[in-house]
Each structure stands twice: as C-alpha cells, then as structure tokens.
Amino acid sequence: MLSFTKKKEADPLMDYLISFRDRMEHARVLLTDPKQTSFFFVTLPEALPIAVITRFINWFQDFGIPVGGVIVNMLIDRQSVGADTADFVKNRMAMQAEHMETIWQKFDGDVRAILPLYETEIRGIPMLQRMGNALFA
C-alpha cells in the first residue's frame, strides 16, 4: 500500500516493511504466550522502585504479556544487624521493613524470591552462584 509506483520490479522498502510486520507479529505471539514467556520484575524494598514495577506490571497485563512474579533484591538481613551496627543501617532496615509490607500487600502471591544485600557487588562466577542459590532455593 505504501508503494505508489506502477513498476513491476520488487520494491525493497515494501519487502522490508512486510518482513518487519511479520517479525513483529511473531514477537507478539511469543511475548503473549504464557507457555513460552514470562517476565519477572526485580525491585528494591524502596518506594520508587516499587512504584516503577507496579506501573510496568500494569502495562504488561494491559498488553497481555504474562508476568511471572516479583523478585525483591538487596534486603538487609536482620541477623547480620547487631546492637553495635551503625544507626544508618538500622534506619535503612526499618525503612525496608515498611516497604516490604507494601510489597506483600501489592504483590502477595507474586513474590518469587527475596535476595539479601550482599557485602559486595554481584560480579564473577562465585557471586553469581551464590545469588543463584539464594534465588532458586
């Protein structure tokens, strides 16, 4: 429809657009098939990340894209906090506890894993294995 010429030779733009449309339809079918695809959202126990994934989850549901669940990352382990722990960490832990209540209210039944705040970044195979063990435990 985009080609207004009356030429009989192939139109590379039209061929590309038709191919692109077909690929996009294939992607749509894959993305909306719950047997093949599921998206997991990772959040921190903080207000802004919770608001962001809430919005994204709603969009995904509106478009019929299956959501597999929510993973909470970087939760401070209560057992690692003692009386001599810095006030900043204690305050942060209290803040996270409040936000975890929100997470349980909004996503109850969809929380698939809670990952702790590790002492270092997740870099390298040993840390990936450690995180994987926590994620799939």
# chains A, B, ... in the order shown; residues from 1 in each chain; ligands from 1
call {"tool": "closest_atom_pairs", "arguments": {"of": "stretch 4-71 of chain A", "to": "stretch 100-111 of chain A", "cutoff": "7 Å", "atoms": "only C-alpha atoms", "output": "Markdown table"}}
result
| residue | atom | partner | partner_atom | distance |
| --- | --- | --- | --- | --- |
| A:Pro45 | CA | A:Met100 | CA | 5.9 |
| A:Gly69 | CA | A:Asp110 | CA | 4.5 |
| A:Val70 | CA | A:Val111 | CA | 4.7 |
| A:Ile71 | CA | A:Val111 | CA | 5.9 |
call {"tool": "residues_around", "arguments": {"residues": "A:Gly82", "least_positions_apart": "6", "cutoff": "12 Å", "atoms": "only C-alpha atoms", "output": "PyMOL selection string"}}
result
chain A and resi 89-90+93
call {"tool": "select_by_dssp", "arguments": {"residues": "stretch 29-58 of chain A", "states": "alpha helix (DSSP H)", "output": "ChimeraX atom specification"}}
result
/A:29-31,47-58
call {"tool": "write_last_selection", "arguments": {"atoms": "N, CA, C and O atoms", "output": "mmCIF file, in the first residue's frame"}}
result
data_model
loop_
_atom_site.group_PDB
_atom_site.id
_atom_site.type_symbol
_atom_site.label_atom_id
_atom_site.label_comp_id
_atom_site.auth_asym_id
_atom_site.auth_seq_id
_atom_site.Cartn_x
_atom_site.Cartn_y
_atom_site.Cartn_z
ATOM 1 N N VAL A 29 3.352 -12.814 19.309
ATOM 2 C CA VAL A 29 2.852 -14.148 19.656
ATOM 3 C C VAL A 29 3.718 -14.768 20.755
ATOM 4 O O VAL A 29 3.209 -15.315 21.735
ATOM 5 N N LEU A 30 5.026 -14.673 20.618
ATOM 6 C CA LEU A 30 5.933 -15.223 21.632
ATOM 7 C C LEU A 30 5.776 -14.525 22.977
ATOM 8 O O LEU A 30 5.735 -15.165 24.029
ATOM 9 N N LEU A 31 5.713 -13.194 22.946
ATOM 10 C CA LEU A 31 5.650 -12.427 24.194
ATOM 11 C C LEU A 31 4.349 -12.613 24.954
ATOM 12 O O LEU A 31 4.304 -12.422 26.163
ATOM 13 N N ALA A 47 10.484 2.929 47.930
ATOM 14 C CA ALA A 47 9.248 3.461 47.345
ATOM 15 C C ALA A 47 9.306 3.595 45.821
ATOM 16 O O ALA A 47 8.403 3.129 45.117
ATOM 17 N N LEU A 48 10.319 4.234 45.290
ATOM 18 C CA LEU A 48 10.368 4.480 43.852
ATOM 19 C C LEU A 48 10.426 3.193 43.033
ATOM 20 O O LEU A 48 9.633 3.029 42.090
ATOM 21 N N PRO A 49 11.323 2.255 43.333
ATOM 22 C CA PRO A 49 11.323 1.014 42.540
ATOM 23 C C PRO A 49 10.000 0.244 42.620
ATOM 24 O O PRO A 49 9.577 -0.354 41.626
ATOM 25 N N ILE A 50 9.341 0.284 43.757
ATOM 26 C CA ILE A 50 8.040 -0.388 43.887
ATOM 27 C C ILE A 50 7.022 0.285 42.967
ATOM 28 O O ILE A 50 6.274 -0.384 42.259
ATOM 29 N N ALA A 51 7.013 1.614 42.951
ATOM 30 C CA ALA A 51 6.092 2.351 42.082
ATOM 31 C C ALA A 51 6.378 2.058 40.611
ATOM 32 O O ALA A 51 5.447 1.891 39.806
ATOM 33 N N VAL A 52 7.641 1.980 40.256
ATOM 34 C CA VAL A 52 8.015 1.728 38.856
ATOM 35 C C VAL A 52 7.558 0.352 38.408
ATOM 36 O O VAL A 52 6.933 0.212 37.348
ATOM 37 N N ILE A 53 7.840 -0.681 39.195
ATOM 38 C CA ILE A 53 7.436 -2.013 38.732
ATOM 39 C C ILE A 53 5.924 -2.178 38.773
ATOM 40 O O ILE A 53 5.368 -2.922 37.977
ATOM 41 N N THR A 54 5.248 -1.480 39.678
ATOM 42 C CA THR A 54 3.785 -1.521 39.696
ATOM 43 C C THR A 54 3.245 -1.015 38.367
ATOM 44 O O THR A 54 2.364 -1.630 37.753
ATOM 45 N N ARG A 55 3.795 0.101 37.905
ATOM 46 C CA ARG A 55 3.372 0.668 36.624
ATOM 47 C C ARG A 55 3.673 -0.297 35.476
ATOM 48 O O ARG A 55 2.831 -0.546 34.622
ATOM 49 N N PHE A 56 4.883 -0.862 35.475
ATOM 50 C CA PHE A 56 5.257 -1.791 34.401
ATOM 51 C C PHE A 56 4.406 -3.052 34.416
ATOM 52 O O PHE A 56 3.988 -3.545 33.362
ATOM 53 N N ILE A 57 4.146 -3.587 35.585
ATOM 54 C CA ILE A 57 3.306 -4.790 35.673
ATOM 55 C C ILE A 57 1.923 -4.501 35.110
ATOM 56 O O ILE A 57 1.364 -5.311 34.361
ATOM 57 N N ASN A 58 1.370 -3.342 35.445
ATOM 58 C CA ASN A 58 0.055 -2.977 34.905
ATOM 59 C C ASN A 58 0.091 -2.866 33.382
ATOM 60 O O ASN A 58 -0.823 -3.326 32.699
#
call {"tool": "closest_residue", "arguments": {"among": "A:Leu117, A:Ala134, A:Ile65, A:Leu128", "to": "A:Arg78", "atoms": "only C-alpha atoms"}}
result
A:Leu117
call {"tool": "atom_distance", "arguments": {"atom1": "atom CA of A:Ser38", "atom2": "atom CA of A:Ala113"}}
result
15.3 Å
call {"tool": "closest_residue", "arguments": {"among": "A:Glu121, A:Phe40, A:Ile114, A:Glu25", "to": "A:Asn133", "atoms": "only C-alpha atoms"}}
result
A:Ile114
